Amino acid sequence: MTVCQSRFEVVMASSDWSNVVRPLSANPTRMAVMQLQRQGGVRGRLVASQPKVQSIGTVGQDFPPLASWLAIALPNGSAPATPDDWISRLKPRFAQLCVILLVGLDDDRAGWCGWSVERGVVQPLARFCVIGANMLELDQISDATEAAEDALRWTRTIEAVGGRATHDRVRKATVNLIGCSRAGTLAATMFTALGVRRLTLLDGDTIEPHNLDGMFLATPEDIGSNKAVTLGRRLVEFRPELAATVLPRRFGVKLSEPALEDADLVVTCVDQDGPRLRAARMARQQLIPHLDIGTGVRTGDDGQRVIAADVRLLLPGEGCVRCVGGLGDLEAAEYENWAPPGALPLRGSQPWHAAGRLGSLITVNSMAVATGIQSWLDLLAGDLPGSIWHRLRWQIGGSWEVESGIVGADENCTVCSHGQRS
Ligand SMILES: [Zn+2]
């Protein structure tokens with residue numbers, strides 16, 4: 001532990017970043033300011049929004065006394081790059097949280113540095129991350145705890161995911177998983193095996209005999225135990241360094257879930273549309289990519305079995321489960337999200353085999369989960385051009401048919417366009 005412990009990290013949407021970088025590149029004597037919103041988690045995550053490019057004269061007096069704000073500049077080589085110089089220029093007020101971010105400091109313009117200033121305390125910024133297509137992530141200080149975990153464990157993984165920089169992002173990631181049943185078990189296992197550092201598991205259901213077909217980490221003795229608790233226990237046996245947080249409760253559509261808001265990825269492996277829509281809203285507000293995995297086996301129109309999955313990795317503001325399609329009953333999901341507490345459900349609950357549903361298969365579940373997580377690895381490597389939808393279908397007697405495409409936001413989507421708090 002050092003005296004000057006790095007504390008805050010700043011995230012912003014790639015659309016906002018483009019709106020900042022273009023005018024600043026054209027005119028380096030200007031700067032951009034953005035509002036910052038603190039998140040509830042342990043990491044000091046600050047979400048930046050509402051960029052404004054203006055002259056360098058903006059100072060702390062221009063903001064309310066308790067405001068949190070970000071100043072971004074692309075100084076040329078002759079400009080000093082010390083925090084004291086920028087603090088004397090920007091004059092943040094004592095109780096404000098001001099973050100100064102300087103980008104493009106080297107000859108190749110790839111360098112960066114940043115500091116936070118609050119109540120007279122100056123700290124280097126830990127991380128700066130642009131969330132979205134061709135994601136950019138810049139880390140200032142590597143964490144000493146990284147070295148403690150057996151490096152040999154990852155020798156087969158590092159180059160396979162695209163190199164050390166990508167694997168470092170995996171290992172620093174916090175992933176929140178909503179739904180810990182069949183697909184959720186597979187997803188949690190893969191994230192743990194890849195090296196994700198923190199995993200939050202949420203599920204309110206208990207294990208029943210019919211879950212043992214696909215929840216392969218659960219044993220007959222676990223029947224009656226909570227799914228998230230059981231999964232978390234087994235994952236930590238598999239990888240003792242994993243920081244697993246277990247929330248043995250339902251993803252209530254009304255209550256706020258601060259424990260879920262501090263994440264690098266939110267994953268939904270649930271059957272119901274209400275929680276998926278709510279997760280999409282939360283992901284948009286907190287600038288978290290959302291991986292939604294839906295699988296199933298049902299009877300097709302021709303009476304044949306349909307073994308299929310839909311997997312979507314959706315970037316904030318670049319499409320969501322509401323606007324790209326895929327919610328079976330949008331009206332009921334919206335109602336569930338907005339109806340007052342205690343309101344009767346819009347529709348009665350349906351048995352599991354309603355609407356031609358035949359069941360669940362670990363084969364299609366594992367294909368779907370692996371596909372989604374591979375797209376997330378592409379995102380971390382900076383290789384994903386945008387939100388992506390994979391549709392998988394097993395041709396009985398043949399092979400997998402996979403259709404994949406980049407999707408974007410509907411301009412009228414209330415989640416994508418208005419999700420960010422103002
Ligand atoms: Zn949307």
# chains A, B, ... in the order shown; residues from 1 in each chain; ligands from 1

$ residues_around --residues "Val297 of chain A" --least-positions-apart "4" --cutoff "7 Å" --atoms "only C-alpha atoms" --output "JSON, numbers by chain"
{"A": [305, 306, 307, 308, 357, 358, 359, 360]}

$ select_by_dssp --residues "segment 144-368 of chain A" --states "strand (DSSP E)" --output "number ranges by chain"
A: 174-178, 198-202, 243-247, 265-268, 290-299, 305-314, 357-359

$ write_last_selection --atoms "C-alpha atoms" --output "compact mmCIF listing (two decimals), in the first residue's frame"
# COMPACT_ATOMS: atom_id res chain seq x y z
CA THR A 174 -15.57 -7.47 -12.69
CA VAL A 175 -18.41 -9.50 -14.22
CA ASN A 176 -21.94 -9.48 -12.84
CA LEU A 177 -24.02 -12.53 -13.69
CA ILE A 178 -27.78 -12.46 -13.34
CA ARG A 198 -14.36 -10.54 -9.53
CA LEU A 199 -17.60 -12.32 -10.21
CA THR A 200 -20.94 -11.32 -8.71
CA LEU A 201 -23.58 -14.05 -8.88
CA LEU A 202 -27.27 -13.26 -8.46
CA ALA A 243 -13.41 -12.83 -5.54
CA ALA A 244 -16.96 -14.17 -5.74
CA THR A 245 -19.85 -12.12 -4.39
CA VAL A 246 -23.09 -14.03 -3.99
CA LEU A 247 -26.50 -12.35 -3.96
CA LEU A 265 -19.73 -6.61 -17.98
CA VAL A 266 -23.27 -7.56 -17.00
CA VAL A 267 -24.51 -10.95 -18.18
CA THR A 268 -28.14 -12.09 -18.19
CA HIS A 290 -24.48 -6.22 -21.65
CA LEU A 291 -24.21 -9.85 -22.71
CA ASP A 292 -27.63 -11.48 -23.02
CA ILE A 293 -27.82 -15.23 -23.58
CA GLY A 294 -31.05 -17.00 -24.46
CA THR A 295 -31.24 -20.67 -25.40
CA GLY A 296 -33.96 -23.25 -25.75
CA VAL A 297 -35.40 -26.28 -27.44
CA ARG A 298 -38.94 -25.99 -28.71
CA THR A 299 -41.31 -27.43 -31.27
CA ARG A 305 -37.43 -29.86 -32.64
CA VAL A 306 -35.76 -26.45 -32.91
CA ILE A 307 -32.47 -26.26 -31.00
CA ALA A 308 -31.49 -22.61 -31.03
CA ALA A 309 -29.87 -19.74 -29.18
CA ASP A 310 -29.68 -15.96 -29.41
CA VAL A 311 -26.58 -14.29 -28.05
CA ARG A 312 -26.17 -10.53 -28.01
CA LEU A 313 -23.24 -8.46 -26.80
CA LEU A 314 -24.68 -4.95 -26.62
CA ARG A 357 -40.98 -25.24 -25.17
CA LEU A 358 -39.51 -28.71 -24.92
CA GLY A 359 -36.59 -28.12 -22.56

$ closest_atom_pairs --of "chain A" --to "ligand 1" --cutoff "12 Å" --atoms "only C-alpha atoms and all ligand atoms" --output "CSV"
residue,atom,partner,partner_atom_place_in_ligand_line,distance
A:Leu277,CA,ligand 1,1 (Zn),9.8
A:Arg278,CA,ligand 1,1 (Zn),11.9
A:Ala279,CA,ligand 1,1 (Zn),11.9
A:Ala280,CA,ligand 1,1 (Zn),8.2
A:Arg281,CA,ligand 1,1 (Zn),8.8
A:Ala283,CA,ligand 1,1 (Zn),11.0
A:Arg284,CA,ligand 1,1 (Zn),8.8
A:Gln285,CA,ligand 1,1 (Zn),11.9
A:His290,CA,ligand 1,1 (Zn),11.5
A:Leu314,CA,ligand 1,1 (Zn),9.1
A:Leu315,CA,ligand 1,1 (Zn),9.8
A:Pro316,CA,ligand 1,1 (Zn),8.6
A:Gly317,CA,ligand 1,1 (Zn),6.7
A:Glu318,CA,ligand 1,1 (Zn),7.0
A:Gly319,CA,ligand 1,1 (Zn),4.3
A:Cys320,CA,ligand 1,1 (Zn),3.9
A:Val321,CA,ligand 1,1 (Zn),6.4
A:Arg322,CA,ligand 1,1 (Zn),5.2
A:Cys323,CA,ligand 1,1 (Zn),4.2
A:Val324,CA,ligand 1,1 (Zn),6.5
A:Gly325,CA,ligand 1,1 (Zn),9.0
A:Gly326,CA,ligand 1,1 (Zn),11.4
A:Leu327,CA,ligand 1,1 (Zn),11.6
A:Ser387,CA,ligand 1,1 (Zn),10.9
A:Val407,CA,ligand 1,1 (Zn),10.2
A:Gly408,CA,ligand 1,1 (Zn),8.0
A:Ala409,CA,ligand 1,1 (Zn),5.0
A:Asp410,CA,ligand 1,1 (Zn),6.0
A:Glu411,CA,ligand 1,1 (Zn),8.0
A:Asn412,CA,ligand 1,1 (Zn),8.0
A:Cys413,CA,ligand 1,1 (Zn),4.7
A:Thr414,CA,ligand 1,1 (Zn),6.6
A:Val415,CA,ligand 1,1 (Zn),4.9
A:Cys416,CA,ligand 1,1 (Zn),4.1
A:Ser417,CA,ligand 1,1 (Zn),7.2
A:His418,CA,ligand 1,1 (Zn),9.3
A:Gly419,CA,ligand 1,1 (Zn),8.9
A:Gln420,CA,ligand 1,1 (Zn),11.9

$ residues_around --residues "Met215 of chain A" --least-positions-apart "6" --cutoff "7 Å" --atoms "only C-alpha atoms" --output "PyMOL selection string"
chain A and resi 181-182+185

$ write_last_selection --atoms "N, CA and C atoms" --output "mmCIF file, in the first residue's frame"
data_model
loop_
_atom_site.group_PDB
_atom_site.id
_atom_site.type_symbol
_atom_site.label_atom_id
_atom_site.label_comp_id
_atom_site.auth_asym_id
_atom_site.auth_seq_id
_atom_site.Cartn_x
_atom_site.Cartn_y
_atom_site.Cartn_z
ATOM 1 N N SER A 181 -28.443 -20.553 -13.340
ATOM 2 C CA SER A 181 -28.915 -21.913 -13.590
ATOM 3 C C SER A 181 -28.032 -22.570 -14.643
ATOM 4 N N ARG A 182 -28.606 -23.090 -15.712
ATOM 5 C CA ARG A 182 -27.815 -23.900 -16.646
ATOM 6 C C ARG A 182 -26.804 -23.051 -17.427
ATOM 7 N N THR A 185 -24.350 -21.250 -15.096
ATOM 8 C CA THR A 185 -23.253 -22.086 -14.588
ATOM 9 C C THR A 185 -22.115 -22.142 -15.608
#

$ residues_around --residues "Ser25 of chain A" --least-positions-apart "6" --cutoff "12 Å" --atoms "only C-alpha atoms" --output "PyMOL selection string"
chain A and resi 17-19+31-32+53+72-76+103-104+109

$ closest_residue --among "A:Leu152, A:Leu102, A:Val11, A:Leu66" --to "Phe128 of chain A" --atoms "only C-alpha atoms"
A:Val11

$ closest_residue --among "A:Ala67, A:Ala354, A:Asp168, A:Ala339" --to "Trp154 of chain A" --atoms "only C-alpha atoms"
A:Asp168

$ residues_around --residues "Ala332 of chain A" --least-positions-apart "4" --cutoff "9 Å" --atoms "only C-alpha atoms" --output "PyMOL selection string"
chain A and resi 273-274+336-337+345-347

$ atom_distance --atom1 "atom CA of Pro220 of chain A" --atom2 "atom CA of Ala370 of chain A"
26.2 Å

$ residues_around --residues "Arg250 of chain A" --least-positions-apart "4" --cutoff "12 Å" --atoms "only C-alpha atoms" --output "PyMOL selection string"
chain A and resi 177-180+201-206+226-228+246+254-257+270+272+274-275

$ residues_around --residues "Gln96 of chain A" --least-positions-apart "4" --cutoff "8 Å" --atoms "only C-alpha atoms" --output "list of chain:residue names"
A:Gly60, A:Pro65, A:Leu66, A:Ala67, A:Ser68, A:Trp69, A:Pro92, A:Val117, A:Glu118, A:Arg119

$ closest_residue --among "A:Ala259, A:Leu392, A:Ala48, A:Leu217" --to "Val130 of chain A" --atoms "only C-alpha atoms"
A:Ala48

$ closest_residue --among "A:Val122, A:Val59, A:Ala71, A:Val161" --to "Pro83 of chain A" --atoms "only C-alpha atoms"
A:Val122

$ select_by_dssp --residues "segment 109-258 of chain A" --states "alpha helix (DSSP H)" --output "ChimeraX atom specification"
/A:144-148,164-172,182-194,227-238,258

$ closest_residue --among "A:Gly120, A:Trp112, A:Gly372, A:Val99" --to "Arg38 of chain A" --atoms "only C-alpha atoms"
A:Val99
